[in-house]
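Visitor: One structure follows; several queries about it will come next.
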Number of protein chains: 6
Amino acid sequence: MGDIKAPEYTVHVEDNRKGVFVNGKLCKDPSMVIVNEFFFSGLSELASTANKVKSKVTLVNVNILAGLNTLGISLARLVFEGYDLNPPHIHPRGTELLVVMEGTLLVGFVTSNPNKLFTKVLDKGDVFVFPIGLMHFQFNIGKTNVVAFAGLSSQNPRLITIANAVFGSKPSINPDVLIKAFQLDKGVVEYLEKEFISN
Amino acid sequence: MGDIKAPEYTVHVEDNRKGVFVNGKLCKDPSMVIVNEFFFSGLSELASTANKVKSKVTLVNVNILAGLNTLGISLARLVFEGYDLNPPHIHPRGTELLVVMEGTLLVGFVTSNPNKLFTKVLDKGDVFVFPIGLMHFQFNIGKTNVVAFAGLSSQNPRLITIANAVFGSKPSINPDVLIKAFQLDKGVVEYLEKEFISN
Amino acid sequence: MGDIKAPEYTVHVEDNRKGVFVNGKLCKDPSMVIVNEFFFSGLSELASTANKVKSKVTLVNVNILAGLNTLGISLARLVFEGYDLNPPHIHPRGTELLVVMEGTLLVGFVTSNPNKLFTKVLDKGDVFVFPIGLMHFQFNIGKTNVVAFAGLSSQNPRLITIANAVFGSKPSINPDVLIKAFQLDKGVVEYLEKEFISN
Amino acid sequence: MGDIKAPEYTVHVEDNRKGVFVNGKLCKDPSMVIVNEFFFSGLSELASTANKVKSKVTLVNVNILAGLNTLGISLARLVFEGYDLNPPHIHPRGTELLVVMEGTLLVGFVTSNPNKLFTKVLDKGDVFVFPIGLMHFQFNIGKTNVVAFAGLSSQNPRLITIANAVFGSKPSINPDVLIKAFQLDKGVVEYLEKEFISN
Amino acid sequence: MGDIKAPEYTVHVEDNRKGVFVNGKLCKDPSMVIVNEFFFSGLSELASTANKVKSKVTLVNVNILAGLNTLGISLARLVFEGYDLNPPHIHPRGTELLVVMEGTLLVGFVTSNPNKLFTKVLDKGDVFVFPIGLMHFQFNIGKTNVVAFAGLSSQNPRLITIANAVFGSKPSINPDVLIKAFQLDKGVVEYLEKEFISN
Amino acid sequence: MGDIKAPEYTVHVEDNRKGVFVNGKLCKDPSMVIVNEFFFSGLSELASTANKVKSKVTLVNVNILAGLNTLGISLARLVFEGYDLNPPHIHPRGTELLVVMEGTLLVGFVTSNPNKLFTKVLDKGDVFVFPIGLMHFQFNIGKTNVVAFAGLSSQNPRLITIANAVFGSKPSINPDVLIKAFQLDKGVVEYLEKEFISN
């Protein structure tokens, strides 16, 4: 059964005993794969958005849609209540291509050094691309909800929320590093580390 | 100015005289790039769908959004009137990850030999993945409109509409090949070639 | 024993208990690899070609030559009796580079949309390239046998025989999809689905 | 002269009129390449380190060593005076593998969310790896000089200095975004933007 | 005309003025491409083999078949008269998959350090794989001709004939290097350098 | 715990029972990874160099620094006593970028056919690049020690020492092959095979 050895899909499986080895790599036995492994149904209802600085982002990546394994793409739905912010962050593994479904959204990205900002206000039907590895943000500058969808060029693009990586890592970064790097008083750094770690 | 030599974006440019060489590759001079090269605004209004077998697909690829160059992703909006079909086709360069915004859609893909069909009916908010290089279709099985968005894992995923490639190429494939391959009468093949070429 | 961890070859092995993990990937223990894993001996005798629409193609891929694992190449021998056809098909993962050893062969490939046909009659010693992902065919237009060899740029290029994927999938594609896509009568579609599924 | 078409090296050239096209890509005519294009001589003398928060980093990338083009590697020499800091930054395109030649260096990197810090004090002869795309820093925690070398897995790994990208971009990021993202008072954000932009 | 921007084929062109830029890369204008750019006709007649240590190898790579550009494959025909040798050599960019058409051939490859030899005698119809980057040879151990074909996993696999690279480079390698490396007398090294350079 | 499924690092582990499967690939459980897996401490003391033709090279690759897994880089320290030679060799998987820390070093590489030698004398602080897959050497032409560091563009660049691969493989290459390839007397070949195999 040559089919076992190189199927078009290598559906992710976590449990060693439930998988087979396809070209030396553990995946679900292709003959056991069912259509639901290419299907995800969780984006129909809009969730509430109660957290402080983050918009509500639902990412459909390989962790919740096993059929995406090795295929180099994922999808996100973004919902912003009035004045919600998706704070400056980086996807180290993927470009993001966003389309606004409703509402008005201020977006921007910053190039690597020297740091040039590209920014734009998007309305319904507008599309914007955030190149891989660059810091970017999305901000609902109005009081009406914003809904957007984004394709990302990775089955798992990863996320580095800048403020959290700097001030909220576990364990904390040596405060002397942050004081020097950000030109901040010791008190401000200590306050920020307390804020972000408790998040 | 080392920045010229390896920017994060290599915005597409067609005219030799308007470009610079970045690592030996022609692209727009990075210092001349403006935010609108990462922006596209054509998806706001829904277009009418008048052609015979094709749904209305609008693809935002590198050809209309130059900032996508080298970034490995594109986006499509699909609009289906009642009983519209996006006929069996292949994207030789990209996986498609689709989300239904409104309406009900029958979708399916067929694996390479042996040819197993995976099929599913999708409702609003449902997500489905069509792996790269496999034949697939989308069919509005109701009379209400369907709107869907898809991310594709290529800046230019290309499209092979199967019936057109078989019966509508220019010049036509030798009819003896098609008669034998599809087990069809000569008359049927000639009828089909006439149909598809005139499209 | 650093050699275990990254050999030049990662010979395919299916049985977990007979393999080792090389950079996290199951493969045959390199110290147990023998020369016969780089060797295949099945192409010496010419096989008879009795099936209806397919020529006799013997593919030497990673499934029968385990040493090809990760090396990105495979080989095919094609034998055509008089008027045999290798019907329109696609290799989604590999370019095919063919050389004719004896006989005369009509070959062609069709680009993705818009569908342009490139076609050529090949004689002994002629070489032709079929680019990855494009529909192509080979047809013995004479009554003498044709023998050809082809290199393919993948250890497992996969095969989509178009007519079988369209009319012979299991389960069958909804006939309404095929009627609409191919502009065919319901009777013709039902006849074709019966033909190809019984193959 | 087939040799023109695919040399082992594709030496970078900026001026269209001085290059040839090798597989469609502009590079220096291989027959004109001289040994000095694989050679760089600037690392012998130690430079002074006078700027405020940055250590003295000299990067030998494709911009100053044209022979590195397409070869996927570059090299950096890092010199830290007493208590110098190489502040939190990201190389979006390369992993960094560092070896300390003299002195004692505190290093660390933070994973993407959730943000785990890995940190270590390095002495002479110690080696440390900073995986691609992750925020990291190096800090001379003593008063004696530190000298280190690093290999990077890209001919141009790029650099995002976090504090500068956040507070020093041109133009500035909307202060409301930073106030919300970093939980800072408006006054602090305005102070920081002034600090970093004037750098 | 989006088709210009990302065709399936990027046919090689050497002259800047005859090409177009496809995604920033010079290639023949796709609308001008003709079928003969996917076709090569030089392998029909067998050439005489008169040179001292080399068998007659005809390589169909991108330099003589422009349509191979970017497709990752090439083809070689090998003809050996009685006792002809294809001496130890390396293809730094491609795996070689060889099939013997007539005659008997001794083949072998040597792994990287530690240097293990894999060797085999091949008869008509036998297939053997030489993994990328490893030293290998083919030797006609009989007096009857051998004809073989090989697929290679690169459009231009390059060739390093070991003896020529060591003793026949221009300019010559410092004899002290070769004396020490090969444990040879100065006289033998000087003899060999004279032999190989005059080739 | 989606974090398990695609961490930034996939630390190498050899024992099946101590690993987890990350995207189907065995690696150390990311939650068990500790900082020392990104750290190596063996380069601080200089080792003696007593072997005949080889300089003392210490390679920090994935085999001794498990955190390098999948990251595409390694590091070597090279120590040469007076007149030590690192004999002609090839890294089939990586480019080498070398910097001299002390002493004077003659270096060179030879292109694939036709074999052009690029050679240079390096002093302290000089940098030189040896492109992937090409034969190269380093020779201490003075009596004072040389110390150099090199980054290599692979987690395991592999090493083919030319003289050993030719004359010292196990089993030996058929002497007739070497006599013919190198234009050497049978006696010289037998002497060399004895020399290199006993090494």
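The chains in the structure tokens are called A, B, ... from first to last as shown; in each chain the residues are counted from 1, and the ligands are counted from 1 in the order shown.
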Could you work out which residues of chain D fall inside 6 Å of chain F? Count only C-alpha atoms, and format the result as a list in words.

Guide: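 Filtering chain D at 6 Å from chain F with only C-alpha atoms gives Val35, Phe38, Phe39, Phe40, Ser41, Leu43, Ser44, Ile73, Phe118, Lys124, Gly125, Asp126, Val127, Phe128, Val129, Gly151 and Ser153 of chain D.
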
Visitor: Please write the residues from the selection above to a file, keeping all heavy atoms, as a short mmCIF file (atom, residue, chain, number, x, y, z; two decimals), in the first residue's frame.

Guide:
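Here's the written file part15.cif:
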data_model
loop_
_atom_site.label_atom_id
_atom_site.label_comp_id
_atom_site.auth_asym_id
_atom_site.auth_seq_id
_atom_site.Cartn_x
_atom_site.Cartn_y
_atom_site.Cartn_z
N VAL D 35 39.08 36.94 -5.87
CA VAL D 35 39.11 36.34 -4.54
C VAL D 35 38.66 37.33 -3.46
O VAL D 35 38.06 36.93 -2.46
CB VAL D 35 40.50 35.74 -4.22
CG1 VAL D 35 41.53 36.84 -4.06
CG2 VAL D 35 40.44 34.83 -3.00
N PHE D 38 35.30 37.23 -1.66
CA PHE D 38 35.02 36.24 -0.61
C PHE D 38 35.74 36.61 0.68
O PHE D 38 35.82 35.81 1.61
CB PHE D 38 35.44 34.85 -1.08
CG PHE D 38 34.75 34.45 -2.34
CD1 PHE D 38 35.38 34.54 -3.57
CD2 PHE D 38 33.44 34.00 -2.30
CE1 PHE D 38 34.72 34.20 -4.75
CE2 PHE D 38 32.77 33.66 -3.46
CZ PHE D 38 33.41 33.75 -4.69
N PHE D 39 36.26 37.82 0.73
CA PHE D 39 37.19 38.23 1.77
C PHE D 39 36.75 39.56 2.38
O PHE D 39 36.28 40.45 1.67
CB PHE D 39 38.58 38.36 1.12
CG PHE D 39 39.63 38.96 1.99
CD1 PHE D 39 40.16 38.25 3.05
CD2 PHE D 39 40.12 40.25 1.73
CE1 PHE D 39 41.16 38.81 3.85
CE2 PHE D 39 41.10 40.81 2.53
CZ PHE D 39 41.62 40.08 3.59
N PHE D 40 36.91 39.70 3.70
CA PHE D 40 36.64 40.97 4.37
C PHE D 40 37.67 41.16 5.45
O PHE D 40 38.01 40.23 6.17
CB PHE D 40 35.23 40.97 4.96
CG PHE D 40 34.93 42.20 5.77
CD1 PHE D 40 34.71 43.42 5.14
CD2 PHE D 40 34.89 42.14 7.15
CE1 PHE D 40 34.44 44.57 5.88
CE2 PHE D 40 34.61 43.28 7.91
CZ PHE D 40 34.39 44.49 7.27
N SER D 41 38.12 42.39 5.59
CA SER D 41 39.29 42.60 6.44
C SER D 41 39.05 43.56 7.58
O SER D 41 39.98 44.02 8.21
CB SER D 41 40.46 43.07 5.56
OG SER D 41 41.63 43.14 6.31
N LEU D 43 37.71 43.39 10.68
CA LEU D 43 37.46 43.05 12.09
C LEU D 43 38.71 43.07 12.95
O LEU D 43 38.68 42.68 14.11
CB LEU D 43 36.82 41.66 12.18
CG LEU D 43 35.44 41.52 11.58
CD1 LEU D 43 34.88 40.14 11.87
CD2 LEU D 43 34.50 42.57 12.17
N SER D 44 39.85 43.53 12.39
CA SER D 44 41.07 43.42 13.19
C SER D 44 41.14 44.41 14.34
O SER D 44 41.52 44.05 15.44
CB SER D 44 42.30 43.53 12.28
OG SER D 44 42.08 44.48 11.27
N ILE D 73 24.44 32.67 5.39
CA ILE D 73 25.19 32.82 6.64
C ILE D 73 25.80 34.22 6.69
O ILE D 73 26.08 34.83 5.67
CB ILE D 73 26.28 31.71 6.78
CG1 ILE D 73 26.77 31.65 8.22
CG2 ILE D 73 27.42 31.92 5.80
CD1 ILE D 73 27.43 30.35 8.59
N PHE D 118 14.68 32.21 28.97
CA PHE D 118 15.84 31.35 29.18
C PHE D 118 17.04 32.26 29.32
O PHE D 118 17.31 33.07 28.41
CB PHE D 118 16.05 30.41 27.98
CG PHE D 118 15.05 29.31 27.88
CD1 PHE D 118 13.90 29.45 27.13
CD2 PHE D 118 15.25 28.11 28.55
CE1 PHE D 118 12.97 28.42 27.04
CE2 PHE D 118 14.33 27.07 28.45
CZ PHE D 118 13.18 27.23 27.70
N LYS D 124 34.32 32.93 29.03
CA LYS D 124 35.17 32.69 27.86
C LYS D 124 35.03 31.25 27.35
O LYS D 124 35.13 30.30 28.14
CB LYS D 124 36.63 32.95 28.24
CG LYS D 124 37.59 32.80 27.09
CD LYS D 124 39.03 33.01 27.51
CE LYS D 124 39.94 32.70 26.31
NZ LYS D 124 41.35 32.92 26.63
N GLY D 125 34.78 31.09 26.05
CA GLY D 125 34.68 29.76 25.46
C GLY D 125 33.28 29.18 25.49
O GLY D 125 33.04 28.13 24.91
N ASP D 126 32.35 29.87 26.15
CA ASP D 126 30.98 29.36 26.20
C ASP D 126 30.22 29.73 24.93
O ASP D 126 30.44 30.78 24.33
CB ASP D 126 30.24 29.92 27.41
CG ASP D 126 30.72 29.30 28.72
OD1 ASP D 126 31.48 28.31 28.67
OD2 ASP D 126 30.34 29.82 29.80
N VAL D 127 29.31 28.83 24.57
CA VAL D 127 28.52 28.98 23.33
C VAL D 127 27.05 29.01 23.69
O VAL D 127 26.61 28.27 24.58
CB VAL D 127 28.81 27.78 22.38
CG1 VAL D 127 27.91 27.84 21.15
CG2 VAL D 127 30.28 27.76 21.97
N PHE D 128 26.26 29.85 23.00
CA PHE D 128 24.83 29.94 23.29
C PHE D 128 24.07 30.17 21.98
O PHE D 128 24.54 30.90 21.11
CB PHE D 128 24.54 31.08 24.28
CG PHE D 128 23.21 30.96 24.96
CD1 PHE D 128 23.05 30.13 26.06
CD2 PHE D 128 22.10 31.66 24.48
CE1 PHE D 128 21.82 30.02 26.70
CE2 PHE D 128 20.87 31.55 25.11
CZ PHE D 128 20.72 30.72 26.22
N VAL D 129 22.89 29.58 21.87
CA VAL D 129 22.10 29.74 20.65
C VAL D 129 20.80 30.51 20.93
O VAL D 129 20.09 30.21 21.90
CB VAL D 129 21.81 28.37 19.99
CG1 VAL D 129 21.13 27.41 20.93
CG2 VAL D 129 20.96 28.53 18.73
N GLY D 151 27.80 33.55 14.66
CA GLY D 151 27.36 33.17 13.32
C GLY D 151 25.85 33.35 13.26
O GLY D 151 25.16 33.09 14.25
N SER D 153 22.31 32.56 10.76
CA SER D 153 21.89 31.67 9.67
C SER D 153 21.15 32.39 8.55
O SER D 153 20.09 31.95 8.11
CB SER D 153 21.00 30.57 10.23
OG SER D 153 19.80 31.12 10.75
#

Visitor: Taking only segment 8-194 of chain E into account, list the residues labelled alpha helix (DSSP H) by DSSP (computed from the backbone), as a ChimeraX atom specification.

Guide: /E:162-167,175-182,186-194

Visitor: Could you tell me how far atom CA of Asn61 of chain E sits from atom CA of Phe80 of chain E, in Å to one decimal place?

Guide: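 It comes out at 20.3 Å.
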
Visitor: Find, counting only C-alpha atoms, the residue in E:Gly187, E:Pro171, E:Gly103, E:Gly142 that gets nearest to Asp84 of chain E.

Guide: E:Gly142

Visitor: Have a look at atom CA of Glu193 of chain F and atom CA of Phe167 of chain F and let me know their distance in Å, one decimal.

Guide: 4.7 Å

Visitor: Considering only C-alpha atoms, state which residue in the set A:Val110, A:Ile179, A:Leu78, A:Val147 is at the smallest distance from Leu159 of chain D.

Guide: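 Among A:Val110, A:Ile179, A:Leu78, A:Val147, it is A:Val110 that comes nearest to Leu159 of chain D.
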
Visitor: From the set B:Leu106, B:Val146, B:Val188, B:Ala181, which residue has the shortest atom-to-atom contact distance to Val57 of chain B, counting only C-alpha atoms?

Guide: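 So, comparing all the options, the nearest one is B:Val146.
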
Visitor: Would you return as a PyMOL selection string the members of segment 21-188 of chain D that DSSP assigns to strand (DSSP E or B) on this structure's backbone?

Guide: chain D and resi 21-22+25-28+39-40+56-60+74-80+85-90+96-102+105-110+116-122+127-130+135-139+146-152+160-161+170

Visitor: Could you jot down the atom CA of Ala165 of chain D to atom CA of Thr58 of chain A separation for me, Å, one decimal place?

Guide: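 It comes out at 26.3 Å.
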